[in-house]
Structure formats: structure tokens, C-alpha cells
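Raw work03.cif, mmCIF, C-alpha atoms; chains and numbers go by the auth columns:
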data_start
#
loop_
_atom_site.group_PDB
_atom_site.id
_atom_site.type_symbol
_atom_site.label_atom_id
_atom_site.label_comp_id
_atom_site.label_asym_id
_atom_site.label_seq_id
_atom_site.Cartn_x
_atom_site.Cartn_y
_atom_site.Cartn_z
_atom_site.B_iso_or_equiv
_atom_site.auth_seq_id
_atom_site.auth_asym_id
ATOM 1 C CA MET A 1 -20.736 9.307 49.328 0.00 154 S
ATOM 2 C CA THR A 2 -22.620 9.654 46.073 0.00 155 S
ATOM 3 C CA LYS A 3 -22.992 6.822 43.589 0.00 156 S
ATOM 4 C CA ARG A 4 -20.790 8.594 41.012 0.00 157 S
ATOM 5 C CA SER A 5 -17.990 9.134 43.543 0.00 158 S
ATOM 6 C CA ALA A 6 -18.139 5.462 44.535 0.00 159 S
ATOM 7 C CA LEU A 7 -17.825 4.356 40.899 0.00 160 S
ATOM 8 C CA LYS A 8 -14.831 6.647 40.357 0.00 161 S
ATOM 9 C CA ARG A 9 -13.146 5.257 43.461 0.00 162 S
ATOM 10 C CA GLN A 10 -13.783 1.656 42.407 0.00 163 S
ATOM 11 C CA SER A 11 -12.373 2.376 38.955 0.00 164 S
ATOM 12 C CA ARG A 12 -9.266 3.993 40.448 0.00 165 S
ATOM 13 C CA ASP A 13 -8.673 1.102 42.814 0.00 166 S
ATOM 14 C CA ALA A 14 -9.158 -1.429 40.022 0.00 167 S
ATOM 15 C CA GLY A 15 -6.589 0.378 37.894 0.00 168 S
ATOM 16 C CA ARG A 16 -4.043 0.241 40.716 0.00 169 S
ATOM 17 C CA GLU A 17 -4.594 -3.475 41.320 0.00 170 S
ATOM 18 C CA GLY A 18 -4.573 -4.392 37.626 0.00 171 S
ATOM 19 C CA VAL A 19 -8.184 -5.614 37.688 0.00 172 S
ATOM 20 C CA PHE A 20 -10.214 -5.249 34.489 0.00 173 S
ATOM 21 C CA ASP A 21 -13.945 -5.216 34.068 0.00 174 S
ATOM 22 C CA THR A 22 -14.749 -7.728 31.302 0.00 175 S
ATOM 23 C CA ARG A 23 -17.908 -5.770 30.470 0.00 176 S
ATOM 24 C CA GLN A 24 -15.812 -3.114 28.764 0.00 177 S
ATOM 25 C CA PHE A 25 -14.973 -5.672 26.084 0.00 178 S
ATOM 26 C CA SER A 26 -18.562 -6.757 25.423 0.00 179 S
ATOM 27 C CA GLU A 27 -20.275 -6.069 22.111 0.00 180 S
ATOM 28 C CA ASP A 28 -22.570 -3.490 23.699 0.00 181 S
ATOM 29 C CA SER A 29 -19.788 -1.390 25.149 0.00 182 S
ATOM 30 C CA LYS A 30 -18.292 1.641 23.486 0.00 183 S
ATOM 31 C CA VAL A 31 -15.219 1.251 21.309 0.00 184 S
ATOM 32 C CA ARG A 32 -12.090 2.080 23.276 0.00 185 S
ATOM 33 C CA ARG A 33 -9.106 3.099 21.168 0.00 186 S
ATOM 34 C CA LEU A 34 -5.582 2.572 22.392 0.00 187 S
ATOM 35 C CA PRO A 35 -3.411 5.690 22.317 0.00 188 S
ATOM 36 C CA THR A 36 -0.865 5.582 19.497 0.00 189 S
ATOM 37 C CA GLN A 37 2.411 7.371 19.112 0.00 190 S
ATOM 38 C CA GLN A 38 2.383 10.491 16.954 0.00 191 S
ATOM 39 C CA GLY A 39 3.186 9.597 13.358 0.00 192 S
ATOM 40 C CA TRP A 40 3.109 5.852 13.999 0.00 193 S
ATOM 41 C CA SER A 41 2.526 3.622 10.949 0.00 194 S
ATOM 42 C CA PRO A 42 2.028 -0.150 10.704 0.00 195 S
ATOM 43 C CA TYR A 43 4.294 -0.227 7.642 0.00 196 S
ATOM 44 C CA PRO A 44 8.107 -0.348 7.698 0.00 197 S
ATOM 45 C CA SER A 45 9.855 2.995 7.757 0.00 198 S
ATOM 46 C CA ASN A 46 12.667 1.746 5.500 0.00 199 S
ATOM 47 C CA ASP A 47 12.371 3.565 2.174 0.00 200 S
ATOM 48 C CA ASP A 48 13.555 0.450 0.332 0.00 201 S
ATOM 49 C CA ARG A 49 10.488 -1.510 1.481 0.00 202 S
ATOM 50 C CA ASP A 50 7.595 0.899 0.911 0.00 203 S
ATOM 51 C CA GLN A 51 7.350 0.624 -2.881 0.00 204 S
ATOM 52 C CA SER A 52 3.871 -0.912 -2.815 0.00 205 S
ATOM 53 C CA TYR A 53 2.432 1.897 -0.728 0.00 206 S
ATOM 54 C CA MET A 54 3.700 4.752 -2.868 0.00 207 S
ATOM 55 C CA LYS A 55 1.260 6.528 -5.159 0.00 208 S
ATOM 56 C CA THR A 56 4.025 7.618 -7.517 0.00 209 S
ATOM 57 C CA LEU A 57 5.949 4.738 -9.022 0.00 210 S
ATOM 58 C CA LYS A 58 9.706 5.125 -8.718 0.00 211 S
ATOM 59 C CA PRO A 59 12.463 2.820 -9.996 0.00 212 S
ATOM 60 C CA LYS A 60 14.660 1.145 -7.405 0.00 213 S
ATOM 61 C CA SER A 61 17.554 0.393 -9.752 0.00 214 S
ATOM 62 C CA ASP A 62 19.027 1.388 -13.088 0.00 215 S
ATOM 63 C CA GLY A 63 17.476 -1.672 -14.692 0.00 216 S
ATOM 64 C CA GLN A 64 14.022 -0.760 -13.443 0.00 217 S
ATOM 65 C CA ALA A 65 14.480 2.791 -14.702 0.00 218 S
ATOM 66 C CA GLU A 66 15.407 1.395 -18.123 0.00 219 S
ATOM 67 C CA LEU A 67 12.317 -0.831 -18.118 0.00 220 S
ATOM 68 C CA MET A 68 9.988 2.018 -17.172 0.00 221 S
ATOM 69 C CA GLU A 69 11.498 4.196 -19.904 0.00 222 S
ATOM 70 C CA ALA A 70 11.111 1.379 -22.422 0.00 223 S
ATOM 71 C CA ILE A 71 7.425 0.928 -21.562 0.00 224 S
ATOM 72 C CA ASP A 72 6.804 4.662 -21.937 0.00 225 S
ATOM 73 C CA THR A 73 8.513 4.930 -25.318 0.00 226 S
ATOM 74 C CA HIS A 74 7.748 1.606 -27.036 0.00 227 S
ATOM 75 C CA ASN A 75 4.557 -0.194 -27.988 0.00 228 S
ATOM 76 C CA LEU A 76 6.203 -3.559 -27.306 0.00 229 S
ATOM 77 C CA ALA A 77 8.686 -4.220 -24.489 0.00 230 S
ATOM 78 C CA LEU A 78 10.165 -7.478 -23.244 0.00 231 S
ATOM 79 C CA ALA A 79 11.468 -7.638 -19.671 0.00 232 S
ATOM 80 C CA LEU A 80 13.747 -10.582 -18.920 0.00 233 S
ATOM 81 C CA GLY A 81 15.334 -11.081 -15.535 0.00 234 S
ATOM 82 C CA PRO A 82 15.527 -13.145 -12.351 0.00 235 S
ATOM 83 C CA ALA A 83 12.863 -13.349 -9.669 0.00 236 S
ATOM 84 C CA GLY A 84 12.364 -10.254 -7.526 0.00 237 S
ATOM 85 C CA THR A 85 13.369 -7.625 -10.090 0.00 238 S
ATOM 86 C CA GLY A 86 9.865 -6.154 -10.220 0.00 239 S
ATOM 87 C CA LYS A 87 9.032 -7.177 -13.785 0.00 240 S
ATOM 88 C CA THR A 88 5.386 -8.020 -13.186 0.00 241 S
ATOM 89 C CA TYR A 89 4.812 -5.255 -10.656 0.00 242 S
ATOM 90 C CA LEU A 90 6.205 -2.508 -12.886 0.00 243 S
ATOM 91 C CA ALA A 91 4.285 -3.768 -15.915 0.00 244 S
ATOM 92 C CA VAL A 92 0.966 -3.910 -14.037 0.00 245 S
ATOM 93 C CA ALA A 93 1.626 -0.551 -12.355 0.00 246 S
ATOM 94 C CA LYS A 94 2.288 1.032 -15.747 0.00 247 S
ATOM 95 C CA ALA A 95 -0.906 -0.530 -17.060 0.00 248 S
ATOM 96 C CA VAL A 96 -2.932 0.944 -14.185 0.00 249 S
ATOM 97 C CA GLU A 97 -1.244 4.300 -14.722 0.00 250 S
ATOM 98 C CA ALA A 98 -2.150 4.278 -18.424 0.00 251 S
ATOM 99 C CA LEU A 99 -5.757 3.305 -17.696 0.00 252 S
ATOM 100 C CA GLU A 100 -6.234 6.022 -15.082 0.00 253 S
ATOM 101 C CA ALA A 101 -4.671 8.614 -17.394 0.00 254 S
ATOM 102 C CA GLY A 102 -7.062 7.660 -20.200 0.00 255 S
ATOM 103 C CA LYS A 103 -4.248 6.540 -22.518 0.00 256 S
ATOM 104 C CA VAL A 104 -5.868 3.111 -22.999 0.00 257 S
ATOM 105 C CA GLY A 105 -9.419 1.855 -22.721 0.00 258 S
ATOM 106 C CA ARG A 106 -8.712 -1.406 -20.913 0.00 259 S
ATOM 107 C CA ILE A 107 -6.083 -3.652 -19.360 0.00 260 S
ATOM 108 C CA VAL A 108 -5.585 -7.230 -20.526 0.00 261 S
ATOM 109 C CA LEU A 109 -3.428 -9.470 -18.336 0.00 262 S
ATOM 110 C CA SER A 110 -2.471 -12.922 -19.570 0.00 263 S
ATOM 111 C CA ARG A 111 -0.541 -15.746 -17.962 0.00 264 S
ATOM 112 C CA PRO A 112 0.113 -19.357 -19.009 0.00 265 S
ATOM 113 C CA ALA A 113 -1.638 -21.960 -16.861 0.00 266 S
ATOM 114 C CA VAL A 114 1.427 -24.136 -16.359 0.00 267 S
ATOM 115 C CA GLU A 115 1.783 -26.148 -13.160 0.00 268 S
ATOM 116 C CA ALA A 116 4.959 -25.543 -11.160 0.00 269 S
ATOM 117 C CA GLY A 117 5.806 -29.153 -10.401 0.00 270 S
ATOM 118 C CA GLU A 118 2.476 -30.186 -8.886 0.00 271 S
ATOM 119 C CA SER A 119 -0.974 -30.841 -10.261 0.00 272 S
ATOM 120 C CA ILE A 120 -4.025 -28.924 -9.084 0.00 273 S
ATOM 121 C CA GLY A 121 -6.488 -30.511 -11.492 0.00 274 S
ATOM 122 C CA TYR A 122 -8.084 -32.361 -8.613 0.00 275 S
ATOM 123 C CA LEU A 123 -9.185 -29.111 -6.964 0.00 276 S
ATOM 124 C CA PRO A 124 -12.980 -28.652 -6.825 0.00 277 S
ATOM 125 C CA GLY A 125 -14.798 -26.020 -8.829 0.00 278 S
ATOM 126 C CA ASP A 126 -15.312 -25.017 -12.421 0.00 279 S
ATOM 127 C CA MET A 127 -12.672 -23.874 -14.898 0.00 280 S
ATOM 128 C CA GLU A 128 -12.411 -20.355 -13.449 0.00 281 S
ATOM 129 C CA ASP A 129 -11.879 -21.763 -9.963 0.00 282 S
ATOM 130 C CA LYS A 130 -9.093 -24.017 -11.189 0.00 283 S
ATOM 131 C CA LEU A 131 -7.384 -21.151 -13.039 0.00 284 S
ATOM 132 C CA ALA A 132 -7.570 -18.769 -10.070 0.00 285 S
ATOM 133 C CA PRO A 133 -4.312 -19.992 -8.422 0.00 286 S
ATOM 134 C CA TYR A 134 -2.378 -19.385 -11.652 0.00 287 S
ATOM 135 C CA LEU A 135 -3.710 -15.836 -11.977 0.00 288 S
ATOM 136 C CA ARG A 136 -3.342 -14.933 -8.289 0.00 289 S
ATOM 137 C CA PRO A 137 -0.037 -13.017 -8.767 0.00 290 S
ATOM 138 C CA LEU A 138 -1.769 -10.689 -11.212 0.00 291 S
ATOM 139 C CA TYR A 139 -4.579 -10.013 -8.743 0.00 292 S
ATOM 140 C CA ASP A 140 -1.954 -9.279 -6.075 0.00 293 S
ATOM 141 C CA ALA A 141 -0.163 -6.767 -8.293 0.00 294 S
ATOM 142 C CA LEU A 142 -3.450 -5.078 -9.220 0.00 295 S
ATOM 143 C CA SER A 143 -4.690 -4.833 -5.644 0.00 296 S
ATOM 144 C CA ASP A 144 -1.356 -3.330 -4.652 0.00 297 S
ATOM 145 C CA ARG A 145 -1.979 -0.334 -6.928 0.00 298 S
ATOM 146 C CA LEU A 146 -5.787 -0.224 -6.642 0.00 299 S
ATOM 147 C CA SER A 147 -8.177 -1.232 -3.897 0.00 300 S
ATOM 148 C CA MET A 148 -9.594 -4.721 -4.346 0.00 301 S
ATOM 149 C CA LYS A 149 -13.078 -3.208 -4.422 0.00 302 S
ATOM 150 C CA ARG A 150 -12.106 -1.029 -7.386 0.00 303 S
ATOM 151 C CA VAL A 151 -10.362 -3.937 -9.106 0.00 304 S
ATOM 152 C CA LYS A 152 -13.581 -5.976 -8.926 0.00 305 S
ATOM 153 C CA ALA A 153 -15.610 -3.020 -10.200 0.00 306 S
ATOM 154 C CA LEU A 154 -13.261 -2.476 -13.162 0.00 307 S
ATOM 155 C CA MET A 155 -13.333 -6.186 -13.955 0.00 308 S
ATOM 156 C CA ALA A 156 -17.122 -6.187 -13.844 0.00 309 S
ATOM 157 C CA GLU A 157 -17.141 -3.300 -16.327 0.00 310 S
ATOM 158 C CA GLY A 158 -14.691 -5.103 -18.611 0.00 311 S
ATOM 159 C CA LEU A 159 -11.959 -2.516 -18.147 0.00 312 S
ATOM 160 C CA ILE A 160 -9.639 -5.114 -16.605 0.00 313 S
ATOM 161 C CA GLU A 161 -9.495 -8.606 -18.055 0.00 314 S
ATOM 162 C CA ILE A 162 -7.382 -11.479 -16.772 0.00 315 S
ATOM 163 C CA ALA A 163 -7.184 -14.464 -19.083 0.00 316 S
ATOM 164 C CA PRO A 164 -4.979 -17.528 -19.638 0.00 317 S
ATOM 165 C CA VAL A 165 -2.881 -17.706 -22.782 0.00 318 S
ATOM 166 C CA GLY A 166 -5.197 -20.249 -24.405 0.00 319 S
ATOM 167 C CA TYR A 167 -8.000 -17.666 -24.556 0.00 320 S
ATOM 168 C CA MET A 168 -5.980 -15.119 -26.550 0.00 321 S
ATOM 169 C CA ARG A 169 -5.923 -16.814 -29.946 0.00 322 S
ATOM 170 C CA GLY A 170 -7.856 -15.048 -32.699 0.00 323 S
ATOM 171 C CA ARG A 171 -8.182 -11.743 -30.837 0.00 324 S
ATOM 172 C CA THR A 172 -7.069 -8.252 -31.853 0.00 325 S
ATOM 173 C CA LEU A 173 -6.419 -6.030 -28.862 0.00 326 S
ATOM 174 C CA ASN A 174 -6.922 -2.378 -29.794 0.00 327 S
ATOM 175 C CA ASN A 175 -6.651 0.551 -27.364 0.00 328 S
ATOM 176 C CA ALA A 176 -5.388 -1.749 -24.622 0.00 329 S
ATOM 177 C CA PHE A 177 -2.438 -2.272 -22.315 0.00 330 S
ATOM 178 C CA ILE A 178 -1.481 -5.945 -22.492 0.00 331 S
ATOM 179 C CA VAL A 179 0.771 -7.649 -19.955 0.00 332 S
ATOM 180 C CA VAL A 180 1.980 -11.198 -20.651 0.00 333 S
ATOM 181 C CA ASP A 181 3.396 -12.541 -17.397 0.00 334 S
ATOM 182 C CA GLU A 182 5.549 -15.658 -16.810 0.00 335 S
ATOM 183 C CA ALA A 183 6.345 -15.788 -20.513 0.00 336 S
ATOM 184 C CA GLN A 184 9.130 -18.319 -19.903 0.00 337 S
ATOM 185 C CA ASN A 185 6.332 -20.882 -19.599 0.00 338 S
ATOM 186 C CA CYS A 186 5.151 -20.168 -23.145 0.00 339 S
ATOM 187 C CA THR A 187 6.386 -22.041 -26.175 0.00 340 S
ATOM 188 C CA TYR A 188 7.720 -20.253 -29.231 0.00 341 S
ATOM 189 C CA VAL A 189 4.388 -20.772 -31.025 0.00 342 S
ATOM 190 C CA GLN A 190 2.395 -19.431 -28.075 0.00 343 S
ATOM 191 C CA LEU A 191 4.558 -16.315 -27.781 0.00 344 S
ATOM 192 C CA LYS A 192 4.312 -15.694 -31.510 0.00 345 S
ATOM 193 C CA MET A 193 0.540 -15.917 -31.218 0.00 346 S
ATOM 194 C CA LEU A 194 0.476 -13.538 -28.228 0.00 347 S
ATOM 195 C CA LEU A 195 2.757 -10.938 -29.786 0.00 348 S
ATOM 196 C CA THR A 196 0.627 -10.792 -32.910 0.00 349 S
ATOM 197 C CA ARG A 197 -2.461 -9.875 -30.843 0.00 350 S
ATOM 198 C CA LEU A 198 -1.127 -6.298 -30.588 0.00 351 S
ATOM 199 C CA GLY A 199 -3.584 -3.853 -32.137 0.00 352 S
ATOM 200 C CA TRP A 200 -3.762 -0.116 -32.761 0.00 353 S
ATOM 201 C CA HIS A 201 -3.088 2.338 -29.915 0.00 354 S
ATOM 202 C CA SER A 202 -1.969 -0.513 -27.668 0.00 355 S
ATOM 203 C CA THR A 203 1.065 -1.297 -25.551 0.00 356 S
ATOM 204 C CA MET A 204 2.292 -4.792 -24.719 0.00 357 S
ATOM 205 C CA VAL A 205 4.782 -5.803 -22.041 0.00 358 S
ATOM 206 C CA VAL A 206 6.100 -9.383 -21.908 0.00 359 S
ATOM 207 C CA THR A 207 7.825 -10.467 -18.687 0.00 360 S
ATOM 208 C CA GLY A 208 9.614 -13.633 -17.739 0.00 361 S
ATOM 209 C CA ASP A 209 12.687 -15.346 -16.334 0.00 362 S
ATOM 210 C CA PRO A 210 14.277 -17.731 -18.867 0.00 363 S
ATOM 211 C CA GLN A 211 16.071 -19.512 -16.008 0.00 364 S
ATOM 212 C CA GLN A 212 12.853 -20.523 -14.225 0.00 365 S
ATOM 213 C CA SER A 213 10.767 -22.254 -16.867 0.00 366 S
ATOM 214 C CA ASP A 214 8.368 -24.997 -15.775 0.00 367 S
ATOM 215 C CA LEU A 215 8.365 -26.462 -19.275 0.00 368 S
ATOM 216 C CA LEU A 216 10.616 -29.254 -20.442 0.00 369 S
ATOM 217 C CA PRO A 217 14.129 -28.136 -21.469 0.00 370 S
ATOM 218 C CA SER A 218 14.298 -26.343 -24.830 0.00 371 S
ATOM 219 C CA LEU A 219 10.493 -25.881 -25.006 0.00 372 S
ATOM 220 C CA SER A 220 10.426 -22.320 -23.672 0.00 373 S
ATOM 221 C CA GLY A 221 10.442 -19.799 -26.492 0.00 374 S
ATOM 222 C CA LEU A 222 11.162 -16.631 -24.506 0.00 375 S
ATOM 223 C CA SER A 223 14.921 -16.475 -25.020 0.00 376 S
ATOM 224 C CA ASP A 224 14.646 -17.228 -28.740 0.00 377 S
ATOM 225 C CA ILE A 225 11.885 -14.651 -29.220 0.00 378 S
ATOM 226 C CA ALA A 226 13.882 -11.985 -27.339 0.00 379 S
ATOM 227 C CA GLU A 227 17.003 -12.583 -29.450 0.00 380 S
ATOM 228 C CA ARG A 228 15.036 -12.352 -32.689 0.00 381 S
ATOM 229 C CA LEU A 229 13.177 -9.171 -31.681 0.00 382 S
ATOM 230 C CA GLU A 230 16.073 -7.285 -30.086 0.00 383 S
ATOM 231 C CA PRO A 231 17.341 -5.805 -33.391 0.00 384 S
ATOM 232 C CA VAL A 232 13.831 -4.807 -34.522 0.00 385 S
ATOM 233 C CA SER A 233 13.217 -1.064 -34.305 0.00 386 S
ATOM 234 C CA GLY A 234 10.301 -0.008 -32.137 0.00 387 S
ATOM 235 C CA ILE A 235 10.722 -3.012 -29.814 0.00 388 S
ATOM 236 C CA ALA A 236 12.613 -2.791 -26.515 0.00 389 S
ATOM 237 C CA VAL A 237 14.257 -5.801 -24.860 0.00 390 S
ATOM 238 C CA VAL A 238 15.316 -5.027 -21.278 0.00 391 S
ATOM 239 C CA ARG A 239 17.494 -7.546 -19.461 0.00 392 S
ATOM 240 C CA LEU A 240 17.421 -7.159 -15.696 0.00 393 S
ATOM 241 C CA ALA A 241 20.156 -8.626 -13.479 0.00 394 S
ATOM 242 C CA GLU A 242 20.837 -9.583 -9.873 0.00 395 S
ATOM 243 C CA GLN A 243 21.571 -5.975 -8.900 0.00 396 S
ATOM 244 C CA ASP A 244 17.987 -5.081 -9.868 0.00 397 S
ATOM 245 C CA ILE A 245 16.423 -7.459 -7.322 0.00 398 S
ATOM 246 C CA VAL A 246 14.319 -5.484 -4.839 0.00 399 S
ATOM 247 C CA ARG A 247 13.045 -8.317 -2.644 0.00 400 S
ATOM 248 C CA HIS A 248 14.830 -9.504 0.486 0.00 401 S
ATOM 249 C CA PRO A 249 18.626 -9.279 0.078 0.00 402 S
ATOM 250 C CA LEU A 250 18.814 -13.051 0.519 0.00 403 S
ATOM 251 C CA VAL A 251 16.956 -13.475 -2.782 0.00 404 S
ATOM 252 C CA ALA A 252 19.831 -11.886 -4.676 0.00 405 S
ATOM 253 C CA SER A 253 22.302 -14.043 -2.763 0.00 406 S
ATOM 254 C CA MET A 254 20.364 -17.217 -3.568 0.00 407 S
ATOM 255 C CA ILE A 255 19.974 -16.343 -7.242 0.00 408 S
ATOM 256 C CA GLY A 256 23.752 -16.032 -7.485 0.00 409 S
ATOM 257 C CA VAL A 257 24.407 -19.575 -6.251 0.00 410 S
ATOM 258 C CA LEU A 258 21.328 -21.570 -7.323 0.00 411 S
#
Would you write the structure of this file as C-alpha cells?
Amino acid sequence: MTKRSALKRQSRDAGREGVFDTRQFSEDSKVRRLPTQQGWSPYPSNDDRDQSYMKTLKPKSDGQAELMEAIDTHNLALALGPAGTGKTYLAVAKAVEALEAGKVGRIVLSRPAVEAGESIGYLPGDMEDKLAPYLRPLYDALSDRLSMKRVKALMAEGLIEIAPVGYMRGRTLNNAFIVVDEAQNCTYVQLKMLLTRLGWHSTMVVTGDPQQSDLLPSLSGLSDIAERLEPVSGIAVVRLAEQDIVRHPLVASMIGVL
């Protein structure tokens, strides 16, 4: 019996007995790929859950369709609604879409650094490190539409800027797409300052949930600002509701009773 025949026989016998050669898993061995079913995907097949993996942005409800239309046709849009209605995601996705289409020269994302019931001031690091947890949702929304590698490259070039509200005073944002997220945590004075940053050839979207403010009662200025701006021509105020929630169905159920 030749050496090759003996090896084939040993391999066949080992397969029958369920014995594995640990050498096949060593770093020096060749990569062995498991066979996969035709058309298999690691992502859910439910169409209601694949929004983040779609190249073309599509509304999931009438409220989302109204918001997308408002962003396309107005230079200033306010999106108010409960958690899970896609306010931040749609705003950031529209910003990325405008940047890639050459409609704007940069994206500016701003968010108030307000603690949600617990202090993180003790965390190590410099100011940017301490602000990172507050701005994480914006990074998540960006990386969902772009690769994280491209997000970092665009940030390095200055085409994407993420800044806390306190860094916006005194600026004029021309040729930009501005997204102000978690606006319910801004006071009336802060929102007035942010809204007046809007420059030429720019679009601004303000998102927030007036029912989930981390400020003391009556300090949030979002509801008051929205009521004052709603009758102004050229400004769109979109109010999303429970039926526009696109997260887990339990989120809509909880919002209705909490």
C-alpha cells in the first residue's frame, strides 16, 4: 500500500469515527471554509428589519415619509416624536445622501452633552474622550450608512464634523447639512442659538422627543420653539407618533403606557 493510499484510508476512518486532527486548526494550516446554503445571509430576512442594510433609503411609515419630504423641500425641519421613530437615522442618512450627491460641502452633527441620570465626569481621558459617549449615537448612525473607515477619512478631511452644542456659538454654517440631535435636552436659549447658525445653501434638521428630556421640568425649549416656528413659512415641523416607531414592537407598546 502506498503512503498516499494509507493517508486516504486513515482520513476516511477518522471521519467515520468522529475523530479530528487538531493540526487542521493550527495557524499554519490552510483555511477551511464551511459550506453555506445558497443565498444564505447573516442578516434577518424580514423586510421590516433590514432598513440599515439598504442602499436606498425608504420610509417605513407615513410619518417617516412626511419627514423625508420635509427635509427635501425645506431648509429647516424639526422632527418631534417618541423613541424609535427613526428621527436621528433619517436625518443623518439624508445628510450623507446630500454630501455624496454634492449638494452640500460638509456635514455638521451636534448634540447636547447632557447626562442621562448619571455622571461620567470621573471617566479618564481628555475632553474629547469624555464627550465620546454622548456623541456615540451619531457615530452609529453614520457608520450604518458609510463604512467606519470612510467615516474616519471624511472626519479627517473636515467633511464630517461632530461637535457638542457648546461649540456652535458664533459660527455661520454655509453649504452644510446640520443635524441637531436630542434637542429636547437644549434650553430655549441654546436652541435659538443653534437655529441661527443656519447659513447660505444649508439645510438643518432638529430632532428630539419632548417627553424624554434629561433637563429639569420646564427647562427644555424644544416644544416652545416648535410651536413658535410651525406657522413660519419655509420651516417644516413634523410630529411623529407611536405608529411611526420602527424598533421592536414592544417599544411602541411601552411608549403607550409609560
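Computed from the coordinates, the CA of Gln337 (chain S) to CA of Ala405 (chain S) distance equals 19.7 Å.
For Thr238 (chain S), the residues within 7 Å (counting only C-alpha atoms, excluding itself and residues fewer than 5 positions away along the chain) are Leu393, Asp397, Ile398 and Val399 of chain S.
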Within 9 Å of region 373-389 of chain S, which residues of region 217-329 of chain S show up? Give each one with its shortest atom-to-atom distance in Å (one decimal) and the two atoms involved, counting all atoms listed in the file, rows by chain then rising residue number, as a tab-separated table.
residue	atom	partner	partner_atom	distance
S:Leu220	CA	S:Ala389	CA	8.6
S:Ala223	CA	S:Ala389	CA	6.0
S:Ile224	CA	S:Ala389	CA	8.1
S:Thr226	CA	S:Gly387	CA	8.6
S:His227	CA	S:Gly387	CA	5.9
S:Asn228	CA	S:Ile388	CA	7.0
S:Leu229	CA	S:Ile388	CA	5.2
S:Ala230	CA	S:Ala389	CA	4.6
S:Leu231	CA	S:Ala389	CA	6.2
S:Ala232	CA	S:Ala389	CA	8.5
S:Leu233	CA	S:Ala379	CA	8.5
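Here CA of Val342 (chain S) and CA of Ala316 (chain S) stand 17.8 Å from one another.
The smallest atom-to-atom distance between Lys256 (chain S) and any of S:Pro402, S:Asn328, S:Gln365, S:Val390, using all atoms listed in the file, is found for S:Asn328.
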In Å and to one decimal, CA of Tyr341 (chain S) is distant from CA of Asp293 (chain S) by 27.4 Å
Could you tell me which residues the PyMOL selection byres ((chain S and resi 215) around 12) returns for this structure, as a PyMOL selection string? chain S and resi 211-214+216-222+238+391-399
Which residues, written as a list in words, have at least one atom at most 10 Å from Ile313 (chain S), with only C-alpha atoms counted and residues fewer than 2 positions away on the same chain left out? Ala248, Val249, Leu252, Gly258, Arg259, Ile260, Val261, Leu262, Leu295, Val304, Lys305, Ala306, Leu307, Met308, Ala309, Glu310, Gly311, Ile315, Ala316, Ala329 and Phe330 of chain S
Neighbour list for Pro317 (chain S) as a ChimeraX atom specification, cut-off 12 Å, all atoms listed in the file, skip fewer than 4 positions in-chain: /S:261-267,280-281,283-289,291,321-322,332-336,338-339,343,347
Write a file of the selected residues as a compact mmCIF listing (two decimals), in the frame of the given file, keeping C-alpha atoms.
# COMPACT_ATOMS: atom_id res chain seq x y z
CA VAL S 261 -5.58 -7.23 -20.53
CA LEU S 262 -3.43 -9.47 -18.34
CA SER S 263 -2.47 -12.92 -19.57
CA ARG S 264 -0.54 -15.75 -17.96
CA PRO S 265 0.11 -19.36 -19.01
CA ALA S 266 -1.64 -21.96 -16.86
CA VAL S 267 1.43 -24.14 -16.36
CA MET S 280 -12.67 -23.87 -14.90
CA GLU S 281 -12.41 -20.36 -13.45
CA LYS S 283 -9.09 -24.02 -11.19
CA LEU S 284 -7.38 -21.15 -13.04
CA ALA S 285 -7.57 -18.77 -10.07
CA PRO S 286 -4.31 -19.99 -8.42
CA TYR S 287 -2.38 -19.39 -11.65
CA LEU S 288 -3.71 -15.84 -11.98
CA ARG S 289 -3.34 -14.93 -8.29
CA LEU S 291 -1.77 -10.69 -11.21
CA MET S 321 -5.98 -15.12 -26.55
CA ARG S 322 -5.92 -16.81 -29.95
CA VAL S 332 0.77 -7.65 -19.95
CA VAL S 333 1.98 -11.20 -20.65
CA ASP S 334 3.40 -12.54 -17.40
CA GLU S 335 5.55 -15.66 -16.81
CA ALA S 336 6.34 -15.79 -20.51
CA ASN S 338 6.33 -20.88 -19.60
CA CYS S 339 5.15 -20.17 -23.14
CA GLN S 343 2.40 -19.43 -28.08
CA LEU S 347 0.48 -13.54 -28.23
Any chance you could work out the axis-aligned box around region 209-213 of chain S, listed atoms only, 8 Å on each side, giving centre and edge lengths in Å to one decimal, as AutoDock Vina command-line options?
--center_x 9.3 --center_y 4.4 --center_z -8.7 --size_x 26.6 --size_y 22.5 --size_z 18.6
At a cut-off of 9 Å, using only C-alpha atoms, what residues contact Ile408 (chain S)? Leave out same-chain residues fewer than 5 positions from it and give the result as a PDB file with C-alpha atoms, keeping the file's coordinate frame.
ATOM      1  CA  PRO S 235      15.527 -13.145 -12.351  1.00  0.00           C
ATOM      2  CA  ALA S 236      12.863 -13.349  -9.669  1.00  0.00           C
ATOM      3  CA  GLU S 395      20.837  -9.583  -9.873  1.00  0.00           C
ATOM      4  CA  LEU S 403      18.814 -13.051   0.519  1.00  0.00           C
TER       5      LEU S 403
END
Requested file, region 231-249 of chain S restricted to C-alpha atoms, as an mmCIF file, in the first residue's frame:
data_model
loop_
_atom_site.group_PDB
_atom_site.id
_atom_site.type_symbol
_atom_site.label_atom_id
_atom_site.label_comp_id
_atom_site.auth_asym_id
_atom_site.auth_seq_id
_atom_site.Cartn_x
_atom_site.Cartn_y
_atom_site.Cartn_z
ATOM 1 C CA LEU S 231 -37.972 69.930 13.089
ATOM 2 C CA ALA S 232 -38.754 66.276 13.813
ATOM 3 C CA LEU S 233 -40.522 65.632 17.112
ATOM 4 C CA GLY S 234 -41.565 62.172 18.191
ATOM 5 C CA PRO S 235 -41.069 59.269 20.591
ATOM 6 C CA ALA S 236 -38.065 56.967 20.704
ATOM 7 C CA GLY S 237 -37.678 54.530 17.817
ATOM 8 C CA THR S 238 -39.341 56.611 15.097
ATOM 9 C CA GLY S 239 -36.101 56.969 13.141
ATOM 10 C CA LYS S 240 -35.629 60.708 13.647
ATOM 11 C CA THR S 241 -31.859 60.653 14.028
ATOM 12 C CA TYR S 242 -31.305 57.885 11.497
ATOM 13 C CA LEU S 243 -33.319 59.576 8.751
ATOM 14 C CA ALA S 244 -31.679 62.943 9.394
ATOM 15 C CA VAL S 245 -28.148 61.503 9.268
ATOM 16 C CA ALA S 246 -28.995 59.350 6.235
ATOM 17 C CA LYS S 247 -30.299 62.417 4.407
ATOM 18 C CA ALA S 248 -27.139 64.282 5.353
ATOM 19 C CA VAL S 249 -24.949 61.506 3.925
#
